[in-house]
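Asks: Contents of data_14.pdb (PDB, C-alpha atoms, pLDDT in the B column) are given next:
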ATOM      1  CA  GLN A   1    -178.669 -45.099 -83.146  1.00 88.00           C
ATOM      2  CA  VAL A   2    -178.198 -48.845 -82.937  1.00 90.00           C
ATOM      3  CA  GLN A   3    -178.346 -50.651 -86.252  1.00 95.00           C
ATOM      4  CA  LEU A   4    -178.133 -54.377 -86.904  1.00 97.00           C
ATOM      5  CA  VAL A   5    -177.958 -55.671 -90.463  1.00 97.00           C
ATOM      6  CA  GLU A   6    -178.042 -59.397 -91.154  1.00 98.00           C
ATOM      7  CA  SER A   7    -176.713 -61.093 -94.260  1.00 98.00           C
ATOM      8  CA  GLY A   8    -175.696 -64.522 -95.485  1.00 98.00           C
ATOM      9  CA  GLY A   9    -179.041 -66.239 -95.689  1.00 98.00           C
ATOM     10  CA  GLY A  10    -180.060 -68.316 -98.672  1.00 98.00           C
ATOM     11  CA  SER A  11    -181.223 -71.689 -99.893  1.00 98.00           C
ATOM     12  CA  VAL A  12    -179.255 -74.842 -99.228  1.00 98.00           C
ATOM     13  CA  GLN A  13    -179.846 -78.557 -99.301  1.00 98.00           C
ATOM     14  CA  SER A  14    -180.094 -80.663 -96.185  1.00 98.00           C
ATOM     15  CA  GLY A  15    -176.649 -81.296 -94.741  1.00 98.00           C
ATOM     16  CA  GLY A  16    -175.260 -78.083 -96.160  1.00 98.00           C
ATOM     17  CA  SER A  17    -173.780 -75.049 -94.431  1.00 98.00           C
ATOM     18  CA  LEU A  18    -174.346 -71.318 -94.267  1.00 98.00           C
ATOM     19  CA  ARG A  19    -172.703 -68.511 -92.339  1.00 98.00           C
ATOM     20  CA  LEU A  20    -174.834 -65.618 -91.237  1.00 98.00           C
ATOM     21  CA  SER A  21    -173.361 -62.229 -90.410  1.00 98.00           C
ATOM     22  CA  CYS A  22    -174.749 -59.345 -88.409  1.00 97.00           C
ATOM     23  CA  ALA A  23    -173.072 -55.983 -88.851  1.00 97.00           C
ATOM     24  CA  ALA A  24    -173.610 -53.764 -85.819  1.00 95.00           C
ATOM     25  CA  SER A  25    -173.219 -50.024 -85.470  1.00 91.00           C
ATOM     26  CA  GLY A  26    -174.204 -47.164 -83.193  1.00 87.00           C
ATOM     27  CA  TYR A  27    -172.917 -48.533 -79.880  1.00 83.00           C
ATOM     28  CA  THR A  28    -169.897 -50.020 -78.145  1.00 77.00           C
ATOM     29  CA  TYR A  29    -170.189 -53.508 -79.554  1.00 74.00           C
ATOM     30  CA  SER A  30    -168.037 -55.315 -76.991  1.00 75.00           C
ATOM     31  CA  ASP A  31    -170.237 -54.095 -74.108  1.00 83.00           C
ATOM     32  CA  TYR A  32    -173.340 -55.792 -75.467  1.00 90.00           C
ATOM     33  CA  CYS A  33    -174.895 -59.228 -75.354  1.00 94.00           C
ATOM     34  CA  MET A  34    -175.744 -60.548 -78.803  1.00 95.00           C
ATOM     35  CA  GLY A  35    -178.114 -63.236 -79.934  1.00 97.00           C
ATOM     36  CA  TRP A  36    -179.430 -65.064 -82.958  1.00 98.00           C
ATOM     37  CA  PHE A  37    -183.118 -65.887 -83.114  1.00 98.00           C
ATOM     38  CA  ARG A  38    -185.287 -67.512 -85.741  1.00 98.00           C
ATOM     39  CA  GLN A  39    -188.941 -67.624 -86.632  1.00 98.00           C
ATOM     40  CA  ALA A  40    -190.525 -70.200 -88.893  1.00 97.00           C
ATOM     41  CA  PRO A  41    -193.930 -69.602 -90.492  1.00 92.00           C
ATOM     42  CA  GLY A  42    -196.705 -70.135 -87.969  1.00 94.00           C
ATOM     43  CA  LYS A  43    -194.283 -70.497 -85.068  1.00 96.00           C
ATOM     44  CA  GLU A  44    -193.029 -68.250 -82.316  1.00 97.00           C
ATOM     45  CA  ARG A  45    -189.607 -66.703 -82.493  1.00 97.00           C
ATOM     46  CA  GLU A  46    -187.029 -68.795 -80.667  1.00 98.00           C
ATOM     47  CA  GLY A  47    -183.522 -68.219 -79.431  1.00 98.00           C
ATOM     48  CA  VAL A  48    -180.851 -70.139 -81.322  1.00 98.00           C
ATOM     49  CA  ALA A  49    -177.524 -68.957 -79.927  1.00 98.00           C
ATOM     50  CA  ALA A  50    -176.203 -66.067 -77.903  1.00 97.00           C
ATOM     51  CA  ILE A  51    -172.978 -64.616 -76.594  1.00 96.00           C
ATOM     52  CA  ASP A  52    -172.670 -62.296 -73.649  1.00 93.00           C
ATOM     53  CA  SER A  53    -170.304 -59.379 -73.101  1.00 89.00           C
ATOM     54  CA  ASP A  54    -167.785 -61.746 -71.472  1.00 89.00           C
ATOM     55  CA  GLY A  55    -167.769 -64.023 -74.509  1.00 91.00           C
ATOM     56  CA  VAL A  56    -169.748 -66.809 -72.864  1.00 94.00           C
ATOM     57  CA  THR A  57    -171.988 -68.631 -75.309  1.00 96.00           C
ATOM     58  CA  ILE A  58    -175.224 -70.560 -75.066  1.00 97.00           C
ATOM     59  CA  TYR A  59    -177.119 -72.625 -77.622  1.00 98.00           C
ATOM     60  CA  ALA A  60    -180.574 -74.026 -78.023  1.00 98.00           C
ATOM     61  CA  ASP A  61    -180.586 -77.800 -77.695  1.00 97.00           C
ATOM     62  CA  SER A  62    -181.862 -78.136 -81.253  1.00 97.00           C
ATOM     63  CA  VAL A  63    -178.685 -76.621 -82.717  1.00 98.00           C
ATOM     64  CA  LYS A  64    -175.971 -77.738 -80.289  1.00 98.00           C
ATOM     65  CA  GLY A  65    -173.064 -79.308 -82.109  1.00 98.00           C
ATOM     66  CA  ARG A  66    -174.231 -77.918 -85.471  1.00 98.00           C
ATOM     67  CA  PHE A  67    -174.233 -74.137 -85.031  1.00 98.00           C
ATOM     68  CA  ALA A  68    -171.493 -71.896 -83.699  1.00 98.00           C
ATOM     69  CA  ILE A  69    -171.798 -68.258 -82.678  1.00 98.00           C
ATOM     70  CA  SER A  70    -168.779 -66.002 -82.810  1.00 96.00           C
ATOM     71  CA  GLN A  71    -167.918 -62.353 -83.112  1.00 94.00           C
ATOM     72  CA  ASP A  72    -165.255 -60.040 -84.381  1.00 93.00           C
ATOM     73  CA  ASN A  73    -165.114 -57.159 -81.925  1.00 89.00           C
ATOM     74  CA  ALA A  74    -162.712 -55.213 -84.128  1.00 91.00           C
ATOM     75  CA  LYS A  75    -165.202 -55.270 -87.010  1.00 92.00           C
ATOM     76  CA  ASN A  76    -168.376 -55.175 -84.893  1.00 93.00           C
ATOM     77  CA  VAL A  77    -169.704 -58.270 -86.605  1.00 96.00           C
ATOM     78  CA  LEU A  78    -171.571 -61.220 -85.147  1.00 97.00           C
ATOM     79  CA  TYR A  79    -171.539 -64.559 -86.958  1.00 98.00           C
ATOM     80  CA  LEU A  80    -173.558 -67.737 -86.915  1.00 98.00           C
ATOM     81  CA  GLN A  81    -171.909 -70.695 -88.600  1.00 98.00           C
ATOM     82  CA  MET A  82    -174.581 -73.256 -89.408  1.00 98.00           C
ATOM     83  CA  ASP A  83    -173.508 -76.767 -90.398  1.00 98.00           C
ATOM     84  CA  SER A  84    -175.437 -79.986 -90.990  1.00 98.00           C
ATOM     85  CA  LEU A  85    -178.513 -77.954 -91.771  1.00 98.00           C
ATOM     86  CA  LYS A  86    -181.905 -79.628 -91.614  1.00 98.00           C
ATOM     87  CA  PRO A  87    -185.237 -78.686 -93.210  1.00 97.00           C
ATOM     88  CA  GLU A  88    -186.512 -77.783 -89.738  1.00 97.00           C
ATOM     89  CA  ASP A  89    -183.867 -75.044 -89.595  1.00 98.00           C
ATOM     90  CA  THR A  90    -185.799 -73.173 -92.267  1.00 98.00           C
ATOM     91  CA  ALA A  91    -186.779 -69.798 -90.836  1.00 98.00           C
ATOM     92  CA  MET A  92    -186.147 -66.100 -90.847  1.00 98.00           C
ATOM     93  CA  TYR A  93    -183.052 -65.494 -88.743  1.00 98.00           C
ATOM     94  CA  TYR A  94    -182.679 -62.352 -86.679  1.00 98.00           C
ATOM     95  CA  CYS A  95    -179.772 -60.740 -84.904  1.00 98.00           C
ATOM     96  CA  ALA A  96    -180.441 -59.029 -81.566  1.00 97.00           C
ATOM     97  CA  ALA A  97    -178.445 -56.891 -79.151  1.00 95.00           C
ATOM     98  CA  ASP A  98    -178.823 -55.561 -75.640  1.00 91.00           C
ATOM     99  CA  GLY A  99    -176.574 -53.696 -73.234  1.00 85.00           C
ATOM    100  CA  ASN A 100    -177.746 -55.488 -70.098  1.00 88.00           C
ATOM    101  CA  LEU A 101    -176.075 -58.658 -68.827  1.00 87.00           C
ATOM    102  CA  PRO A 102    -178.806 -60.946 -67.508  1.00 88.00           C
ATOM    103  CA  TYR A 103    -178.524 -62.589 -64.091  1.00 87.00           C
ATOM    104  CA  ALA A 104    -178.843 -66.036 -65.663  1.00 90.00           C
ATOM    105  CA  ARG A 105    -177.329 -67.308 -68.891  1.00 90.00           C
ATOM    106  CA  TRP A 106    -180.519 -68.968 -70.125  1.00 92.00           C
ATOM    107  CA  LEU A 107    -182.100 -65.543 -70.395  1.00 93.00           C
ATOM    108  CA  LEU A 108    -179.809 -64.818 -73.334  1.00 95.00           C
ATOM    109  CA  LEU A 109    -182.072 -67.045 -75.445  1.00 97.00           C
ATOM    110  CA  GLN A 110    -185.204 -65.147 -74.465  1.00 96.00           C
ATOM    111  CA  GLU A 111    -186.312 -62.475 -76.893  1.00 96.00           C
ATOM    112  CA  ASP A 112    -187.518 -60.244 -74.039  1.00 95.00           C
ATOM    113  CA  GLN A 113    -183.859 -59.838 -73.100  1.00 95.00           C
ATOM    114  CA  TYR A 114    -183.138 -57.818 -76.240  1.00 96.00           C
ATOM    115  CA  ILE A 115    -184.145 -54.320 -77.218  1.00 95.00           C
ATOM    116  CA  HIS A 116    -182.411 -53.979 -80.585  1.00 95.00           C
ATOM    117  CA  TRP A 117    -183.260 -56.155 -83.573  1.00 97.00           C
ATOM    118  CA  GLY A 118    -182.243 -56.513 -87.183  1.00 97.00           C
ATOM    119  CA  GLN A 119    -184.593 -57.023 -90.117  1.00 97.00           C
ATOM    120  CA  GLY A 120    -183.728 -60.674 -90.590  1.00 98.00           C
ATOM    121  CA  THR A 121    -182.290 -62.920 -93.278  1.00 98.00           C
ATOM    122  CA  GLN A 122    -184.109 -65.931 -94.710  1.00 98.00           C
ATOM    123  CA  VAL A 123    -182.652 -69.428 -94.476  1.00 98.00           C
ATOM    124  CA  THR A 124    -184.305 -72.202 -96.457  1.00 98.00           C
ATOM    125  CA  VAL A 125    -183.157 -75.811 -96.201  1.00 98.00           C
ATOM    126  CA  SER A 126    -184.556 -78.305 -98.661  1.00 97.00           C
ATOM    127  CA  SER A 127    -184.605 -82.060 -98.171  1.00 94.00           C
TER     128      SER A 127
END
Just give me the structure as C-alpha cells.

Replies:
Amino acid sequence: QVQLVESGGGSVQSGGSLRLSCAASGYTYSDYCMGWFRQAPGKEREGVAAIDSDGVTIYADSVKGRFAISQDNAKNVLYLQMDSLKPEDTAMYYCAADGNLPYARWLLLQEDQYIHWGQGTQVTVSS
C-alpha cells in the first residue's frame, strides 16, 4: 500500500525558507514520478514542482528560482526546498506519486497525473 507522509511545514516570515519532506513507502520509489502541489483557501490545487523517474524536474513559473525539488532514492524521501518565501506561497502543500511517465513533461504539474497523495502540510508566510 502506497503511503506518502509530508512534514516540514510551518510559519515563516516573508523572505524566509522552509524545507518540506515527503516520506514514501509501499512501492519502488525510483520508478515513480513525484510532485509537490499546493492549495490555498478558495483556490484550486496547483502543481508547484515535479520530478520524473529519470530525475528530470519541472517547476511552476511562480516558484522558479526560489524552490528546488530533490529526492533521496536510498531513503525514499522527496524534498522541496523553498527559499525567498512570499505571502502568496501560503497554502497546504501536498506530495503526490504516480508510476506512469507522462508523454509530456508539463503533465507532471497536473494533478490528474497522480494517483497517490499525502495528507498535506501547512505553510504560512507572513508579511

Asks: Determine, for each residue of region 25-95 of chain A having at least one atom at most 8 Å from an atom of region 1-10 of chain A, the closest pair of atoms and their separation in Å to one decimal, counting only C-alpha atoms; order by chain and ascending number, as JSON lines.

Replies:
{"residue": "A:Ser25", "atom": "CA", "partner": "A:Gln3", "partner_atom": "CA", "distance": 5.2}
{"residue": "A:Gly26", "atom": "CA", "partner": "A:Val2", "partner_atom": "CA", "distance": 4.3}
{"residue": "A:Tyr27", "atom": "CA", "partner": "A:Val2", "partner_atom": "CA", "distance": 6.1}
{"residue": "A:Tyr94", "atom": "CA", "partner": "A:Glu6", "partner_atom": "CA", "distance": 7.1}
{"residue": "A:Cys95", "atom": "CA", "partner": "A:Glu6", "partner_atom": "CA", "distance": 6.6}

Asks: List the residues selected by the PyMOL selection byres ((chain A and resi 98) around 7) in the file shown, writing them as a list in words.

Replies: Tyr32, Cys33, Met34, Ala97, Gly99, Asn100, Tyr114, Ile115 and His116 of chain A

Asks: Determine, counting all atoms listed in the file, which protein, DNA and RNA residues have an atom within 6 Å of an atom of region 71-82 of chain A; residues of the same chain fewer than 3 positions away are not included. Present the result as a short mmCIF file (atom, residue, chain, number, x, y, z; two decimals) with C-alpha atoms, in the coordinates of the input.

Replies:
data_model
loop_
_atom_site.label_atom_id
_atom_site.label_comp_id
_atom_site.auth_asym_id
_atom_site.auth_seq_id
_atom_site.Cartn_x
_atom_site.Cartn_y
_atom_site.Cartn_z
CA SER A 17 -173.78 -75.05 -94.43
CA LEU A 18 -174.35 -71.32 -94.27
CA ARG A 19 -172.70 -68.51 -92.34
CA LEU A 20 -174.83 -65.62 -91.24
CA SER A 21 -173.36 -62.23 -90.41
CA CYS A 22 -174.75 -59.34 -88.41
CA ALA A 23 -173.07 -55.98 -88.85
CA ALA A 24 -173.61 -53.76 -85.82
CA TYR A 29 -170.19 -53.51 -79.55
CA PHE A 67 -174.23 -74.14 -85.03
CA ALA A 68 -171.49 -71.90 -83.70
#

Asks: Determine the residue set returned by the PyMOL selection byres ((chain A and resi 85) around 9) for the present structure, and present it as a ChimeraX atom specification.

Replies: /A:12-18,66-67,82-84,86-90,125

Asks: For the PyMOL selection byres ((chain A and resi 55) around 9), applied here, can you spell out every residue it catches as an MDAnalysis selection string?

Replies: chainID A and resid 33 51:54 56:57 70:71

Asks: Name the residues in contact with Met92 (chain A) at a cut-off of 8 Å, using only C-alpha atoms, excluding same-chain residues fewer than 6 positions from it; report them as a PyMOL selection string.

Replies: chain A and resi 38-40+120-123

Asks: If you keep C-alpha atoms, can you produce a file of those selected residues as a compact mmCIF listing (two decimals), in the coordinates of the input?

Replies:
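The resulting file, again_0.txt, is shown below:
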# COMPACT_ATOMS: atom_id res chain seq x y z
CA ARG A 38 -185.29 -67.51 -85.74
CA GLN A 39 -188.94 -67.62 -86.63
CA ALA A 40 -190.52 -70.20 -88.89
CA GLY A 120 -183.73 -60.67 -90.59
CA THR A 121 -182.29 -62.92 -93.28
CA GLN A 122 -184.11 -65.93 -94.71
CA VAL A 123 -182.65 -69.43 -94.48

Asks: So the first atom is CA of Ala96 (chain A) and the second is CA of Ser62 (chain A); what is the distance between them in Å, to one decimal place?

Replies: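 Pair CA of Ala96 (chain A) / CA of Ser62 (chain A) returns 19.2 Å.
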
Asks: Report, as lines of an AutoDock Vina configuration file, the centre and edge lengths in Å (one decimal) of the axis-aligned box enclosing every listed atom of region 94-100 of chain A, padded by 3 Å on each side.

Replies:
center_x = -179.6
center_y = -58.0
center_z = -78.4
size_x = 12.1
size_y = 14.7
size_z = 22.6
